[in-house]
Amino acid sequence: MARDSNEPHVVLPCKKATHPCPCGYFGDLKRECRCSPNQVQKYRQRISGPLLDRIDIHVEVPAVHYKDISSKAAGEASSEIGARVGKAREIQQQRFRGNARTSCNARMTPRLLKTHCVLDEAGADLIKMAMTELNFSARAYDRILKVARTIADLAGQENIQAMHVGEAIQYRTLWM
């Protein structure tokens, strides 16, 4: 079935969940990991580098503690988060309004990256260091820029700052 050109294009996130090691407790503050460093490395190598390279954001989610679940303190309301995400999407739709094939940062082409992901000197130095020290691929470079652009949009910032680049790099380094 052909897609109507007026129909909004939705990019669904790729969700991948895995344990950090065979026993599942590597890095857990309450439970001791029973795996040897060799077992952890072998376990993590089961997921290929090229596959990991295609995942934009890697986030470690630790176990939730009782005090956090039972706390009366209110976190940020879902409606506030939704409003911020909605505003970021509006910014992206405005940014790409003349481009029928691109509606969000994730769909930026290399040419659009050069136009909309201009880094200041500090941001450029940070990504250069990450590329050199962490051996990131060209694909990772593009994805870091796209995520940094989105982080800046969520913060309501017109320009990508070094802190946005740093946060985007952190999302790439979970499995490093």
# chains A, B, ... in the order shown; residues from 1 in each chain; ligands from 1
>>> residues_around(residues="Thr115 (chain A)", least_positions_apart="6", cutoff="12 Å", atoms="only C-alpha atoms", output="short mmCIF file (atom, residue, chain, number, x, y, z; two decimals) with N, CA and C atoms, in the first residue's frame")
data_model
loop_
_atom_site.label_atom_id
_atom_site.label_comp_id
_atom_site.auth_asym_id
_atom_site.auth_seq_id
_atom_site.Cartn_x
_atom_site.Cartn_y
_atom_site.Cartn_z
N ARG A 95 11.99 23.31 10.78
CA ARG A 95 13.34 23.24 10.21
C ARG A 95 13.31 22.56 8.84
N PHE A 96 12.49 21.52 8.70
CA PHE A 96 12.48 20.73 7.48
C PHE A 96 11.24 20.95 6.62
N ASN A 105 14.92 15.09 12.94
CA ASN A 105 16.39 15.04 12.96
C ASN A 105 16.93 13.67 12.57
N MET A 108 17.84 13.21 8.85
CA MET A 108 18.73 14.15 8.16
C MET A 108 19.74 13.43 7.28
N THR A 109 19.93 13.96 6.10
CA THR A 109 20.95 13.47 5.17
C THR A 109 22.29 14.12 5.53
N LEU A 145 25.69 13.54 16.00
CA LEU A 145 25.22 14.87 15.60
C LEU A 145 23.69 14.96 15.62
N LYS A 146 23.02 13.93 15.13
CA LYS A 146 21.55 13.93 15.12
C LYS A 146 20.98 13.95 16.53
N ARG A 149 21.60 17.36 18.09
CA ARG A 149 20.64 18.33 17.56
C ARG A 149 19.29 18.18 18.27
N ASN A 159 21.29 26.64 18.78
CA ASN A 159 22.59 26.11 18.41
C ASN A 159 22.96 24.92 19.29
N ILE A 160 23.67 23.98 18.68
CA ILE A 160 24.18 22.83 19.44
C ILE A 160 25.38 23.29 20.25
#
>>> select_by_dssp(residues="region 14-78 of chain A", states="alpha helix (DSSP H)", output="number ranges by chain")
A: 37-44, 49-53, 66-70, 78
>>> write_last_selection(atoms="N, CA and C atoms", output="compact mmCIF listing (two decimals), in the first residue's frame")
# COMPACT_ATOMS: atom_id res chain seq x y z
N PRO A 37 35.88 -11.37 34.13
CA PRO A 37 36.01 -10.35 33.08
C PRO A 37 35.97 -10.96 31.68
N ASN A 38 36.56 -12.14 31.53
CA ASN A 38 36.56 -12.82 30.24
C ASN A 38 35.14 -13.21 29.82
N GLN A 39 34.32 -13.68 30.79
CA GLN A 39 32.93 -14.04 30.49
C GLN A 39 32.13 -12.81 30.08
N VAL A 40 32.34 -11.69 30.78
CA VAL A 40 31.62 -10.46 30.47
C VAL A 40 31.97 -10.01 29.05
N GLN A 41 33.26 -10.01 28.73
CA GLN A 41 33.70 -9.58 27.40
C GLN A 41 33.13 -10.49 26.32
N LYS A 42 33.19 -11.79 26.53
CA LYS A 42 32.66 -12.75 25.55
C LYS A 42 31.15 -12.55 25.38
N TYR A 43 30.44 -12.33 26.48
CA TYR A 43 28.99 -12.12 26.44
C TYR A 43 28.65 -10.87 25.63
N ARG A 44 29.38 -9.79 25.87
CA ARG A 44 29.10 -8.54 25.17
C ARG A 44 29.48 -8.61 23.70
N GLY A 49 29.37 -5.25 16.56
CA GLY A 49 29.64 -3.81 16.53
C GLY A 49 28.75 -3.08 15.53
N PRO A 50 28.61 -3.62 14.30
CA PRO A 50 27.74 -2.94 13.34
C PRO A 50 26.29 -2.83 13.80
N LEU A 51 25.80 -3.83 14.54
CA LEU A 51 24.44 -3.74 15.07
C LEU A 51 24.36 -2.65 16.14
N LEU A 52 25.31 -2.66 17.07
CA LEU A 52 25.33 -1.63 18.12
C LEU A 52 25.47 -0.23 17.51
N ASP A 53 26.20 -0.14 16.40
CA ASP A 53 26.43 1.13 15.74
C ASP A 53 25.13 1.73 15.19
N TYR A 66 13.20 0.78 46.70
CA TYR A 66 11.92 0.97 47.37
C TYR A 66 11.68 2.44 47.71
N LYS A 67 12.69 3.10 48.25
CA LYS A 67 12.51 4.51 48.66
C LYS A 67 12.13 5.40 47.48
N ASP A 68 12.61 5.04 46.28
CA ASP A 68 12.26 5.83 45.09
C ASP A 68 10.82 5.55 44.65
N ILE A 69 10.41 4.31 44.75
CA ILE A 69 9.04 3.94 44.35
C ILE A 69 8.02 4.52 45.32
N SER A 70 8.34 4.48 46.61
CA SER A 70 7.39 4.89 47.63
C SER A 70 7.46 6.38 47.97
N SER A 78 4.26 13.95 33.32
CA SER A 78 4.28 13.45 31.94
C SER A 78 3.79 14.51 30.97
>>> residues_around(residues="Ile91 (chain A)", least_positions_apart="3", cutoff="12 Å", atoms="only C-alpha atoms", output="list in words")
Arg84, Val85, Gly86, Lys87, Ala88, Gln94, Arg95, Phe96, Arg97, Ser103, Cys104, Asn105, His116, Arg149, Thr150, Ile151, Ala152, Asp153, Leu154, Ala155, Gly156, Gln157 and Glu158 of chain A
>>> residues_around(residues="Asp28 (chain A)", least_positions_apart="3", cutoff="12 Å", atoms="only C-alpha atoms", output="list in words")
His19, Pro20, Cys21, Cys23, Gly24, Tyr25, Arg31, Glu32, Cys33, Arg34, Glu60, Val61, Pro62, Ala63, Val64 and His65 of chain A
>>> write_last_selection(atoms="C-alpha atoms", output="PDB file, in the first residue's frame")
ATOM      1  CA  HIS A  19      21.771  -7.773  30.539  1.00  0.00           C
ATOM      2  CA  PRO A  20      25.280  -6.393  31.072  1.00  0.00           C
ATOM      3  CA  CYS A  21      26.680  -9.902  31.635  1.00  0.00           C
ATOM      4  CA  CYS A  23      24.390 -13.387  35.438  1.00  0.00           C
ATOM      5  CA  GLY A  24      22.820  -9.928  34.962  1.00  0.00           C
ATOM      6  CA  TYR A  25      24.460  -8.223  37.947  1.00  0.00           C
ATOM      7  CA  ARG A  31      24.359  -7.756  44.116  1.00  0.00           C
ATOM      8  CA  GLU A  32      27.746  -9.145  43.210  1.00  0.00           C
ATOM      9  CA  CYS A  33      28.461 -10.207  39.654  1.00  0.00           C
ATOM     10  CA  ARG A  34      29.643 -13.830  39.495  1.00  0.00           C
ATOM     11  CA  GLU A  60      21.583   1.776  31.368  1.00  0.00           C
ATOM     12  CA  VAL A  61      18.532   1.415  33.593  1.00  0.00           C
ATOM     13  CA  PRO A  62      19.459   0.348  37.132  1.00  0.00           C
ATOM     14  CA  ALA A  63      17.085  -1.426  39.506  1.00  0.00           C
ATOM     15  CA  VAL A  64      14.585   0.867  41.230  1.00  0.00           C
ATOM     16  CA  HIS A  65      14.901   1.117  45.011  1.00  0.00           C
TER      17      HIS A  65
END
>>> residues_around(residues="Arg172 (chain A)", least_positions_apart="6", cutoff="10 Å", atoms="only C-alpha atoms", output="compact mmCIF listing (two decimals) with N, CA and C atoms, in the first residue's frame")
# COMPACT_ATOMS: atom_id res chain seq x y z
N LEU A 52 25.31 -2.66 17.07
CA LEU A 52 25.33 -1.63 18.12
C LEU A 52 25.47 -0.23 17.51
N ASP A 53 26.20 -0.14 16.40
CA ASP A 53 26.43 1.13 15.74
C ASP A 53 25.13 1.73 15.19
N ILE A 55 22.23 1.63 16.73
CA ILE A 55 21.35 2.04 17.83
C ILE A 55 21.82 3.41 18.29
N ASP A 56 20.93 4.39 18.21
CA ASP A 56 21.30 5.78 18.49
C ASP A 56 21.59 6.04 19.96
N ILE A 57 20.78 5.49 20.85
CA ILE A 57 20.90 5.82 22.26
C ILE A 57 20.97 4.55 23.09
N HIS A 58 22.03 4.44 23.86
CA HIS A 58 22.22 3.31 24.78
C HIS A 58 22.04 3.87 26.19
N VAL A 59 21.10 3.33 26.94
CA VAL A 59 20.83 3.83 28.29
C VAL A 59 20.82 2.66 29.26
N LEU A 134 37.68 6.91 21.17
CA LEU A 134 36.71 5.82 21.31
C LEU A 134 36.52 5.03 20.02
N PHE A 136 35.07 5.70 17.15
CA PHE A 136 33.74 5.72 16.59
C PHE A 136 33.81 5.68 15.07
N ALA A 140 28.55 6.45 13.50
CA ALA A 140 28.39 6.94 14.87
C ALA A 140 28.50 8.46 14.91
N TYR A 141 29.41 9.02 14.13
CA TYR A 141 29.57 10.49 14.06
C TYR A 141 28.25 11.14 13.65
N ARG A 143 25.24 9.92 13.81
CA ARG A 143 24.20 9.69 14.82
C ARG A 143 24.40 10.56 16.05
N ILE A 144 25.64 10.78 16.42
CA ILE A 144 25.93 11.69 17.54
C ILE A 144 25.43 13.08 17.21
N VAL A 147 21.57 13.16 17.41
CA VAL A 147 21.09 13.12 18.80
C VAL A 147 21.41 14.44 19.49
>>> closest_residue(among="A:Ser36, A:Gly27, A:Asn99, A:Pro110", to="Ala138 (chain A)", atoms="only C-alpha atoms")
A:Pro110
>>> atom_distance(atom1="CA of Met129 (chain A)", atom2="CA of Ala106 (chain A)")
23.2 Å
>>> decode(residues="region 28-172 of chain A", atoms="C-alpha atoms", output="PDB file, in the first residue's frame")
ATOM      1  CA  ASP A  28      24.780  -3.634  40.324  1.00  0.00           C
ATOM      2  CA  LEU A  29      25.494  -1.934  43.640  1.00  0.00           C
ATOM      3  CA  LYS A  30      23.515  -4.449  45.739  1.00  0.00           C
ATOM      4  CA  ARG A  31      24.359  -7.756  44.116  1.00  0.00           C
ATOM      5  CA  GLU A  32      27.746  -9.145  43.210  1.00  0.00           C
ATOM      6  CA  CYS A  33      28.461 -10.207  39.654  1.00  0.00           C
ATOM      7  CA  ARG A  34      29.643 -13.830  39.495  1.00  0.00           C
ATOM      8  CA  CYS A  35      31.117 -13.510  36.006  1.00  0.00           C
ATOM      9  CA  SER A  36      34.802 -13.302  35.191  1.00  0.00           C
ATOM     10  CA  PRO A  37      36.010 -10.346  33.084  1.00  0.00           C
ATOM     11  CA  ASN A  38      36.557 -12.821  30.239  1.00  0.00           C
ATOM     12  CA  GLN A  39      32.932 -14.042  30.487  1.00  0.00           C
ATOM     13  CA  VAL A  40      31.623 -10.458  30.465  1.00  0.00           C
ATOM     14  CA  GLN A  41      33.702  -9.580  27.404  1.00  0.00           C
ATOM     15  CA  LYS A  42      32.661 -12.747  25.553  1.00  0.00           C
ATOM     16  CA  TYR A  43      28.989 -12.123  26.437  1.00  0.00           C
ATOM     17  CA  ARG A  44      29.097  -8.536  25.171  1.00  0.00           C
ATOM     18  CA  GLN A  45      30.829  -9.571  21.947  1.00  0.00           C
ATOM     19  CA  ARG A  46      27.744 -11.619  21.043  1.00  0.00           C
ATOM     20  CA  ILE A  47      26.204  -8.353  19.881  1.00  0.00           C
ATOM     21  CA  SER A  48      28.032  -7.240  16.771  1.00  0.00           C
ATOM     22  CA  GLY A  49      29.640  -3.812  16.526  1.00  0.00           C
ATOM     23  CA  PRO A  50      27.740  -2.943  13.337  1.00  0.00           C
ATOM     24  CA  LEU A  51      24.435  -3.742  15.070  1.00  0.00           C
ATOM     25  CA  LEU A  52      25.333  -1.625  18.115  1.00  0.00           C
ATOM     26  CA  ASP A  53      26.427   1.134  15.735  1.00  0.00           C
ATOM     27  CA  ARG A  54      22.864   1.359  14.412  1.00  0.00           C
ATOM     28  CA  ILE A  55      21.354   2.037  17.833  1.00  0.00           C
ATOM     29  CA  ASP A  56      21.296   5.778  18.492  1.00  0.00           C
ATOM     30  CA  ILE A  57      20.896   5.824  22.263  1.00  0.00           C
ATOM     31  CA  HIS A  58      22.217   3.315  24.780  1.00  0.00           C
ATOM     32  CA  VAL A  59      20.827   3.828  28.288  1.00  0.00           C
ATOM     33  CA  GLU A  60      21.583   1.776  31.368  1.00  0.00           C
ATOM     34  CA  VAL A  61      18.532   1.415  33.593  1.00  0.00           C
ATOM     35  CA  PRO A  62      19.459   0.348  37.132  1.00  0.00           C
ATOM     36  CA  ALA A  63      17.085  -1.426  39.506  1.00  0.00           C
ATOM     37  CA  VAL A  64      14.585   0.867  41.230  1.00  0.00           C
ATOM     38  CA  HIS A  65      14.901   1.117  45.011  1.00  0.00           C
ATOM     39  CA  TYR A  66      11.917   0.975  47.366  1.00  0.00           C
ATOM     40  CA  LYS A  67      12.512   4.505  48.660  1.00  0.00           C
ATOM     41  CA  ASP A  68      12.260   5.831  45.088  1.00  0.00           C
ATOM     42  CA  ILE A  69       9.041   3.942  44.347  1.00  0.00           C
ATOM     43  CA  SER A  70       7.385   4.895  47.632  1.00  0.00           C
ATOM     44  CA  SER A  71       8.548   8.522  47.648  1.00  0.00           C
ATOM     45  CA  LYS A  72       5.877  11.221  47.905  1.00  0.00           C
ATOM     46  CA  ALA A  73       8.086  13.673  46.004  1.00  0.00           C
ATOM     47  CA  ALA A  74       6.639  14.441  42.608  1.00  0.00           C
ATOM     48  CA  GLY A  75       8.857  14.062  39.574  1.00  0.00           C
ATOM     49  CA  GLU A  76       8.368  15.937  36.360  1.00  0.00           C
ATOM     50  CA  ALA A  77       4.812  15.469  35.115  1.00  0.00           C
ATOM     51  CA  SER A  78       4.280  13.447  31.942  1.00  0.00           C
ATOM     52  CA  SER A  79       2.318  16.361  30.509  1.00  0.00           C
ATOM     53  CA  GLU A  80       5.358  18.638  30.936  1.00  0.00           C
ATOM     54  CA  ILE A  81       7.633  16.115  29.253  1.00  0.00           C
ATOM     55  CA  GLY A  82       5.094  15.639  26.466  1.00  0.00           C
ATOM     56  CA  ALA A  83       4.856  19.386  25.931  1.00  0.00           C
ATOM     57  CA  ARG A  84       8.657  19.665  25.670  1.00  0.00           C
ATOM     58  CA  VAL A  85       8.789  16.778  23.182  1.00  0.00           C
ATOM     59  CA  GLY A  86       5.912  18.311  21.191  1.00  0.00           C
ATOM     60  CA  LYS A  87       7.741  21.645  21.031  1.00  0.00           C
ATOM     61  CA  ALA A  88      10.927  19.902  19.855  1.00  0.00           C
ATOM     62  CA  ARG A  89       8.946  18.110  17.130  1.00  0.00           C
ATOM     63  CA  GLU A  90       7.425  21.429  16.025  1.00  0.00           C
ATOM     64  CA  ILE A  91      10.928  22.930  15.823  1.00  0.00           C
ATOM     65  CA  GLN A  92      12.025  20.008  13.644  1.00  0.00           C
ATOM     66  CA  GLN A  93       8.969  20.230  11.397  1.00  0.00           C
ATOM     67  CA  GLN A  94       9.649  23.944  10.888  1.00  0.00           C
ATOM     68  CA  ARG A  95      13.336  23.240  10.212  1.00  0.00           C
ATOM     69  CA  PHE A  96      12.484  20.727   7.477  1.00  0.00           C
ATOM     70  CA  ARG A  97       9.270  22.298   6.137  1.00  0.00           C
ATOM     71  CA  GLY A  98      10.760  22.684   2.635  1.00  0.00           C
ATOM     72  CA  ASN A  99      12.021  19.115   2.503  1.00  0.00           C
ATOM     73  CA  ALA A 100       9.329  16.530   1.741  1.00  0.00           C
ATOM     74  CA  ARG A 101      11.573  13.561   2.632  1.00  0.00           C
ATOM     75  CA  THR A 102      12.747  14.833   6.016  1.00  0.00           C
ATOM     76  CA  SER A 103      10.461  15.574   8.944  1.00  0.00           C
ATOM     77  CA  CYS A 104      12.732  14.981  11.927  1.00  0.00           C
ATOM     78  CA  ASN A 105      16.387  15.040  12.958  1.00  0.00           C
ATOM     79  CA  ALA A 106      16.731  11.257  12.661  1.00  0.00           C
ATOM     80  CA  ARG A 107      16.087  11.513   8.909  1.00  0.00           C
ATOM     81  CA  MET A 108      18.730  14.153   8.162  1.00  0.00           C
ATOM     82  CA  THR A 109      20.954  13.470   5.170  1.00  0.00           C
ATOM     83  CA  PRO A 110      24.671  14.278   5.259  1.00  0.00           C
ATOM     84  CA  ARG A 111      23.949  17.581   3.485  1.00  0.00           C
ATOM     85  CA  LEU A 112      21.297  18.519   6.090  1.00  0.00           C
ATOM     86  CA  LEU A 113      23.708  17.536   8.892  1.00  0.00           C
ATOM     87  CA  LYS A 114      26.226  20.068   7.575  1.00  0.00           C
ATOM     88  CA  THR A 115      23.524  22.738   7.485  1.00  0.00           C
ATOM     89  CA  HIS A 116      21.714  22.096  10.778  1.00  0.00           C
ATOM     90  CA  CYS A 117      24.394  20.559  13.005  1.00  0.00           C
ATOM     91  CA  VAL A 118      27.086  23.215  12.993  1.00  0.00           C
ATOM     92  CA  LEU A 119      29.274  22.868  16.080  1.00  0.00           C
ATOM     93  CA  ASP A 120      31.160  25.556  17.926  1.00  0.00           C
ATOM     94  CA  GLU A 121      34.864  25.014  18.611  1.00  0.00           C
ATOM     95  CA  ALA A 122      34.275  23.298  21.975  1.00  0.00           C
ATOM     96  CA  GLY A 123      31.693  20.907  20.495  1.00  0.00           C
ATOM     97  CA  ALA A 124      33.927  20.145  17.506  1.00  0.00           C
ATOM     98  CA  ASP A 125      36.884  19.431  19.803  1.00  0.00           C
ATOM     99  CA  LEU A 126      34.742  17.146  21.946  1.00  0.00           C
ATOM    100  CA  ILE A 127      33.463  15.054  19.051  1.00  0.00           C
ATOM    101  CA  LYS A 128      36.954  14.944  17.520  1.00  0.00           C
ATOM    102  CA  MET A 129      38.337  13.571  20.793  1.00  0.00           C
ATOM    103  CA  ALA A 130      35.530  11.000  20.996  1.00  0.00           C
ATOM    104  CA  MET A 131      36.086   9.858  17.421  1.00  0.00           C
ATOM    105  CA  THR A 132      39.815   9.472  18.037  1.00  0.00           C
ATOM    106  CA  GLU A 133      39.826   8.011  21.540  1.00  0.00           C
ATOM    107  CA  LEU A 134      36.712   5.821  21.308  1.00  0.00           C
ATOM    108  CA  ASN A 135      37.210   4.682  17.697  1.00  0.00           C
ATOM    109  CA  PHE A 136      33.735   5.717  16.589  1.00  0.00           C
ATOM    110  CA  SER A 137      32.692   5.026  12.993  1.00  0.00           C
ATOM    111  CA  ALA A 138      31.435   7.557  10.467  1.00  0.00           C
ATOM    112  CA  ARG A 139      27.918   6.240  11.149  1.00  0.00           C
ATOM    113  CA  ALA A 140      28.394   6.941  14.867  1.00  0.00           C
ATOM    114  CA  TYR A 141      29.571  10.486  14.063  1.00  0.00           C
ATOM    115  CA  ASP A 142      26.378  11.193  12.105  1.00  0.00           C
ATOM    116  CA  ARG A 143      24.196   9.691  14.819  1.00  0.00           C
ATOM    117  CA  ILE A 144      25.927  11.687  17.542  1.00  0.00           C
ATOM    118  CA  LEU A 145      25.223  14.874  15.602  1.00  0.00           C
ATOM    119  CA  LYS A 146      21.550  13.931  15.116  1.00  0.00           C
ATOM    120  CA  VAL A 147      21.094  13.124  18.803  1.00  0.00           C
ATOM    121  CA  ALA A 148      22.938  16.313  19.851  1.00  0.00           C
ATOM    122  CA  ARG A 149      20.640  18.333  17.555  1.00  0.00           C
ATOM    123  CA  THR A 150      17.605  16.687  19.210  1.00  0.00           C
ATOM    124  CA  ILE A 151      18.965  17.343  22.717  1.00  0.00           C
ATOM    125  CA  ALA A 152      19.436  21.010  21.791  1.00  0.00           C
ATOM    126  CA  ASP A 153      15.869  21.101  20.413  1.00  0.00           C
ATOM    127  CA  LEU A 154      14.499  19.621  23.646  1.00  0.00           C
ATOM    128  CA  ALA A 155      16.392  22.310  25.578  1.00  0.00           C
ATOM    129  CA  GLY A 156      14.949  24.992  23.291  1.00  0.00           C
ATOM    130  CA  GLN A 157      18.427  25.932  22.038  1.00  0.00           C
ATOM    131  CA  GLU A 158      18.923  27.108  18.469  1.00  0.00           C
ATOM    132  CA  ASN A 159      22.594  26.113  18.411  1.00  0.00           C
ATOM    133  CA  ILE A 160      24.177  22.832  19.436  1.00  0.00           C
ATOM    134  CA  GLN A 161      26.453  23.397  22.420  1.00  0.00           C
ATOM    135  CA  ALA A 162      29.331  21.272  23.711  1.00  0.00           C
ATOM    136  CA  MET A 163      27.125  19.964  26.549  1.00  0.00           C
ATOM    137  CA  HIS A 164      24.644  18.608  23.971  1.00  0.00           C
ATOM    138  CA  VAL A 165      27.479  16.881  22.094  1.00  0.00           C
ATOM    139  CA  GLY A 166      28.816  15.464  25.369  1.00  0.00           C
ATOM    140  CA  GLU A 167      25.426  14.042  26.310  1.00  0.00           C
ATOM    141  CA  ALA A 168      25.006  12.503  22.843  1.00  0.00           C
ATOM    142  CA  ILE A 169      28.457  10.905  23.131  1.00  0.00           C
ATOM    143  CA  GLN A 170      27.525   9.441  26.518  1.00  0.00           C
ATOM    144  CA  TYR A 171      24.539   7.723  24.920  1.00  0.00           C
ATOM    145  CA  ARG A 172      26.938   5.978  22.502  1.00  0.00           C
TER     146      ARG A 172
END
